[in-house]
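Trainee: Quick one: structure below, then a few questions.
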Amino acid sequence: MNFLEERILKDGLVKPGNVLKVDSFLNHQMDVGLMDMIGEEFYNRFKNENVTKVLTIEASGIAIACSVARVFDVPMVFAKKSKSINIDGEMYVAEVESFTHKNKNNVMVSKKFLSPEDRVLIVDDFLANGCALQGLISIVESAGATVAGLGIAIEKGFQIGGRVIRNLGYRLESLAIVDSMNDETGEIVFR
């Protein structure tokens, strides 16, 4: 069992609807030391991929992506879910559906932050159905850049996302893969 699985068992909560709440340490209140460990682990797994950028989607992936980018010593870019007045210029845009929020968003990255020379490591906190990752892959490929790999903190192995992404031929590394959860007993089973 690795450090993230141990933390999930200690502080994670299983809720009805296949929801795993890790907001006390990962995606609301954040354990910065844990984020650093996640960054180091993704560096160890992808250090030979010549990563030039780390990409995530707002908001929960940002802290993880910052820790990863710091270890790689490369810029971190995040896809925005809404256009604001301070976003200008041309954008790469993809539509993504959120498992957590049960809605669709257009996510965007400024064209000035991704180029064909980039080798992009995509990271996020959760992988359920894979829609967010597919949107981020689409943005990277629209830029003519290369997907160097995908790093996920927690993958719900009982949902289709991981299988879909791996079947598309991408290298996907998840630090914790949950094979099953029981909201009545609180049991979490890892792969």
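Naming works like this for the structure tokens: A, B, ... for the chains as they're shown, residue 1 at the start of each chain, ligands 1 onward in shown order.
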Please identify all polymer residues within 10 Å of stretch 41-56 of chain A, counting only C-alpha atoms, omitting same-chain residues fewer than 4 positions from it, and present them as an MDAnalysis selection string.
Mentor: chainID A and resid 35:37 60:80 109 113:114 117:125 132:133 136:137 139:140 146:153 171 173:175
Trainee: Export, as a short mmCIF file (atom, residue, chain, number, x, y, z; two decimals), in the first residue's frame, the selected residues with N, CA and C atoms.
Mentor:
```cif
data_model
loop_
_atom_site.label_atom_id
_atom_site.label_comp_id
_atom_site.auth_asym_id
_atom_site.auth_seq_id
_atom_site.Cartn_x
_atom_site.Cartn_y
_atom_site.Cartn_z
N MET A 35 1.00 16.86 -1.16
CA MET A 35 1.12 17.36 -2.54
C MET A 35 2.56 17.21 -3.03
N ASP A 36 3.52 17.54 -2.15
CA ASP A 36 4.93 17.39 -2.52
C ASP A 36 5.27 15.93 -2.81
N MET A 37 4.73 15.01 -2.01
CA MET A 37 4.98 13.59 -2.23
C MET A 37 4.39 13.14 -3.57
N SER A 60 -9.59 21.63 -8.92
CA SER A 60 -8.97 20.68 -7.99
C SER A 60 -7.62 20.14 -8.43
N GLY A 61 -7.34 20.17 -9.71
CA GLY A 61 -6.06 19.66 -10.18
C GLY A 61 -4.91 20.63 -10.03
N ILE A 62 -5.21 21.89 -9.74
CA ILE A 62 -4.17 22.92 -9.75
C ILE A 62 -3.08 22.67 -8.71
N ALA A 63 -3.45 22.35 -7.50
CA ALA A 63 -2.43 22.15 -6.46
C ALA A 63 -1.51 20.98 -6.80
N ILE A 64 -2.10 19.90 -7.29
CA ILE A 64 -1.29 18.74 -7.69
C ILE A 64 -0.36 19.14 -8.83
N ALA A 65 -0.91 19.82 -9.82
CA ALA A 65 -0.11 20.22 -10.99
C ALA A 65 1.02 21.15 -10.60
N CYS A 66 0.79 22.05 -9.66
CA CYS A 66 1.86 22.94 -9.19
C CYS A 66 3.00 22.14 -8.56
N SER A 67 2.64 21.15 -7.74
CA SER A 67 3.68 20.33 -7.11
C SER A 67 4.46 19.54 -8.14
N VAL A 68 3.77 19.02 -9.14
CA VAL A 68 4.43 18.26 -10.19
C VAL A 68 5.34 19.18 -11.01
N ALA A 69 4.82 20.33 -11.41
CA ALA A 69 5.61 21.26 -12.22
C ALA A 69 6.84 21.75 -11.47
N ARG A 70 6.71 21.95 -10.17
CA ARG A 70 7.85 22.40 -9.37
C ARG A 70 8.99 21.38 -9.42
N VAL A 71 8.65 20.10 -9.31
CA VAL A 71 9.68 19.06 -9.33
C VAL A 71 10.31 18.94 -10.72
N PHE A 72 9.50 19.06 -11.76
CA PHE A 72 10.02 19.01 -13.13
C PHE A 72 10.72 20.32 -13.53
N ASP A 73 10.48 21.39 -12.77
CA ASP A 73 11.01 22.71 -13.08
C ASP A 73 10.55 23.20 -14.45
N VAL A 74 9.23 23.06 -14.67
CA VAL A 74 8.60 23.51 -15.92
C VAL A 74 7.34 24.31 -15.56
N PRO A 75 6.82 25.07 -16.52
CA PRO A 75 5.57 25.80 -16.25
C PRO A 75 4.38 24.87 -16.09
N MET A 76 3.40 25.32 -15.30
CA MET A 76 2.13 24.63 -15.15
C MET A 76 1.06 25.50 -15.79
N VAL A 77 0.20 24.88 -16.58
CA VAL A 77 -0.91 25.56 -17.24
C VAL A 77 -2.19 24.87 -16.79
N PHE A 78 -3.25 25.63 -16.56
CA PHE A 78 -4.52 24.98 -16.28
C PHE A 78 -5.59 25.47 -17.23
N ALA A 79 -6.42 24.53 -17.65
CA ALA A 79 -7.55 24.85 -18.52
C ALA A 79 -8.61 25.53 -17.68
N LYS A 80 -9.07 26.67 -18.17
CA LYS A 80 -10.11 27.43 -17.47
C LYS A 80 -11.49 26.96 -17.92
N VAL A 109 -7.57 26.88 -23.05
CA VAL A 109 -6.18 27.21 -22.77
C VAL A 109 -5.74 28.18 -23.85
N PHE A 113 0.25 29.48 -24.64
CA PHE A 113 0.86 28.66 -23.59
C PHE A 113 1.16 27.22 -24.00
N LEU A 114 0.76 26.81 -25.20
CA LEU A 114 1.07 25.47 -25.70
C LEU A 114 1.57 25.59 -27.12
N GLU A 117 6.24 22.21 -29.90
CA GLU A 117 7.47 21.69 -29.29
C GLU A 117 7.23 21.12 -27.89
N ASP A 118 6.08 21.39 -27.31
CA ASP A 118 5.83 20.97 -25.93
C ASP A 118 5.56 19.48 -25.82
N ARG A 119 6.08 18.91 -24.72
CA ARG A 119 5.78 17.55 -24.28
C ARG A 119 5.05 17.70 -22.95
N VAL A 120 3.76 17.43 -22.97
CA VAL A 120 2.86 17.81 -21.89
C VAL A 120 2.50 16.62 -21.02
N LEU A 121 2.71 16.79 -19.71
CA LEU A 121 2.23 15.83 -18.73
C LEU A 121 0.91 16.36 -18.19
N ILE A 122 -0.16 15.62 -18.42
CA ILE A 122 -1.49 16.01 -17.95
C ILE A 122 -1.71 15.36 -16.59
N VAL A 123 -2.12 16.16 -15.60
CA VAL A 123 -2.38 15.62 -14.26
C VAL A 123 -3.74 16.10 -13.75
N ASP A 124 -4.33 15.29 -12.88
CA ASP A 124 -5.60 15.68 -12.25
C ASP A 124 -5.76 14.91 -10.95
N ASP A 125 -6.73 15.33 -10.15
CA ASP A 125 -6.94 14.68 -8.86
C ASP A 125 -7.70 13.37 -9.01
N ALA A 132 -12.73 14.66 -18.66
CA ALA A 132 -11.80 15.78 -18.49
C ALA A 132 -10.47 15.47 -19.17
N LEU A 133 -9.96 14.25 -18.98
CA LEU A 133 -8.70 13.88 -19.62
C LEU A 133 -8.81 13.91 -21.13
N LEU A 136 -8.57 17.47 -22.23
CA LEU A 136 -7.20 17.99 -22.13
C LEU A 136 -6.31 17.39 -23.21
N ILE A 137 -6.49 16.11 -23.51
CA ILE A 137 -5.74 15.48 -24.60
C ILE A 137 -6.06 16.19 -25.92
N ILE A 139 -6.99 19.25 -26.37
CA ILE A 139 -6.34 20.57 -26.38
C ILE A 139 -4.86 20.44 -26.72
N VAL A 140 -4.17 19.48 -26.09
CA VAL A 140 -2.74 19.27 -26.37
C VAL A 140 -2.54 18.93 -27.84
N THR A 146 2.77 17.13 -27.83
CA THR A 146 2.77 15.70 -27.55
C THR A 146 2.31 15.46 -26.13
N VAL A 147 1.42 14.49 -25.96
CA VAL A 147 1.04 14.05 -24.63
C VAL A 147 2.14 13.12 -24.13
N ALA A 148 2.92 13.60 -23.16
CA ALA A 148 4.04 12.82 -22.62
C ALA A 148 3.54 11.75 -21.65
N GLY A 149 2.35 11.94 -21.10
CA GLY A 149 1.77 11.00 -20.16
C GLY A 149 0.65 11.65 -19.40
N LEU A 150 -0.04 10.84 -18.61
CA LEU A 150 -1.14 11.31 -17.79
C LEU A 150 -0.97 10.77 -16.39
N GLY A 151 -1.04 11.66 -15.39
CA GLY A 151 -0.89 11.28 -14.00
C GLY A 151 -2.13 11.62 -13.21
N ILE A 152 -2.69 10.64 -12.55
CA ILE A 152 -3.92 10.83 -11.78
C ILE A 152 -3.65 10.45 -10.33
N ALA A 153 -4.10 11.26 -9.41
CA ALA A 153 -3.96 10.92 -8.00
C ALA A 153 -4.83 9.70 -7.68
N ARG A 171 -0.07 6.61 -22.03
CA ARG A 171 0.50 6.12 -20.78
C ARG A 171 -0.20 6.84 -19.63
N GLU A 173 -0.75 6.82 -15.50
CA GLU A 173 -0.27 6.35 -14.20
C GLU A 173 -1.17 6.93 -13.12
N SER A 174 -1.77 6.06 -12.33
CA SER A 174 -2.61 6.49 -11.21
C SER A 174 -1.96 6.05 -9.91
N LEU A 175 -1.91 6.96 -8.94
CA LEU A 175 -1.25 6.64 -7.68
C LEU A 175 -2.10 5.73 -6.80
#
```
Trainee: Give me the residues near A:Thr185 as a list in words, where near means some atom within 12 Å (using only C-alpha atoms) and where sequence neighbours in that chain fewer than 2 positions away do not count.
Mentor: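 In the requested form, the answer reads Leu13, Val14, Lys15, Pro16, Ser180, Met181, Asn182, Asp183, Glu187, Ile188 and Val189 of chain A.
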Trainee: DSSP on the backbone, then: every residue of chain A marked helix (DSSP H, G or I), written as a VMD selection string.
Mentor: chain A and resid 3 to 11 32 to 49 61 to 72 111 to 113 131 to 142 161 to 167
Trainee: Run DSSP on the backbone and grab whatever in stretch 91-141 of chain A lands in strand (DSSP E); send it over as a ChimeraX atom specification.
Mentor: /A:91-98,103-110,119-127
Trainee: Could you name the residues that touch A:Asn106 at 10 Å or less, counting only C-alpha atoms, but leaving out those on the same chain fewer than 4 positions away, as number ranges by chain?
Mentor: A: 79-83, 92-97, 135
Trainee: Those residues with N, CA and C atoms, as a PDB file, in the first residue's frame please?
Mentor:
```pdb
ATOM      1  N   ALA A  79      -6.420  24.532 -17.647  1.00  0.00           N
ATOM      2  CA  ALA A  79      -7.548  24.847 -18.519  1.00  0.00           C
ATOM      3  C   ALA A  79      -8.612  25.531 -17.680  1.00  0.00           C
ATOM      4  N   LYS A  80      -9.075  26.671 -18.169  1.00  0.00           N
ATOM      5  CA  LYS A  80     -10.109  27.430 -17.472  1.00  0.00           C
ATOM      6  C   LYS A  80     -11.486  26.959 -17.915  1.00  0.00           C
ATOM      7  N   LYS A  81     -12.424  26.999 -16.980  1.00  0.00           N
ATOM      8  CA  LYS A  81     -13.783  26.543 -17.271  1.00  0.00           C
ATOM      9  C   LYS A  81     -14.706  27.666 -17.734  1.00  0.00           C
ATOM     10  N   SER A  82     -14.243  28.889 -17.630  1.00  0.00           N
ATOM     11  CA  SER A  82     -15.078  29.990 -18.111  1.00  0.00           C
ATOM     12  C   SER A  82     -14.181  31.120 -18.598  1.00  0.00           C
ATOM     13  N   LYS A  83     -14.673  31.833 -19.562  1.00  0.00           N
ATOM     14  CA  LYS A  83     -13.911  32.937 -20.116  1.00  0.00           C
ATOM     15  C   LYS A  83     -14.181  34.181 -19.276  1.00  0.00           C
ATOM     16  N   TYR A  92      -7.427  27.328 -27.348  1.00  0.00           N
ATOM     17  CA  TYR A  92      -7.789  25.945 -27.637  1.00  0.00           C
ATOM     18  C   TYR A  92      -8.960  25.647 -26.716  1.00  0.00           C
ATOM     19  N   VAL A  93     -10.019  25.045 -27.262  1.00  0.00           N
ATOM     20  CA  VAL A  93     -11.240  24.812 -26.486  1.00  0.00           C
ATOM     21  C   VAL A  93     -11.670  23.356 -26.654  1.00  0.00           C
ATOM     22  N   ALA A  94     -12.142  22.765 -25.576  1.00  0.00           N
ATOM     23  CA  ALA A  94     -12.721  21.424 -25.606  1.00  0.00           C
ATOM     24  C   ALA A  94     -13.910  21.386 -24.660  1.00  0.00           C
ATOM     25  N   GLU A  95     -14.910  20.604 -25.005  1.00  0.00           N
ATOM     26  CA  GLU A  95     -16.058  20.419 -24.124  1.00  0.00           C
ATOM     27  C   GLU A  95     -15.806  19.209 -23.244  1.00  0.00           C
ATOM     28  N   VAL A  96     -16.018  19.368 -21.946  1.00  0.00           N
ATOM     29  CA  VAL A  96     -15.843  18.255 -21.009  1.00  0.00           C
ATOM     30  C   VAL A  96     -17.065  18.153 -20.112  1.00  0.00           C
ATOM     31  N   GLU A  97     -17.374  16.911 -19.758  1.00  0.00           N
ATOM     32  CA  GLU A  97     -18.469  16.650 -18.837  1.00  0.00           C
ATOM     33  C   GLU A  97     -17.881  16.270 -17.491  1.00  0.00           C
ATOM     34  N   GLY A 135     -10.739  15.781 -22.890  1.00  0.00           N
ATOM     35  CA  GLY A 135     -10.744  17.184 -23.285  1.00  0.00           C
ATOM     36  C   GLY A 135      -9.352  17.786 -23.269  1.00  0.00           C
TER      37      GLY A 135
END
```
Trainee: Counting only C-alpha atoms, figure out which residue out of A:Ile154, A:Pro116, A:Asn167, A:Lys104 gets nearest to A:Glu5.
Mentor: A:Ile154
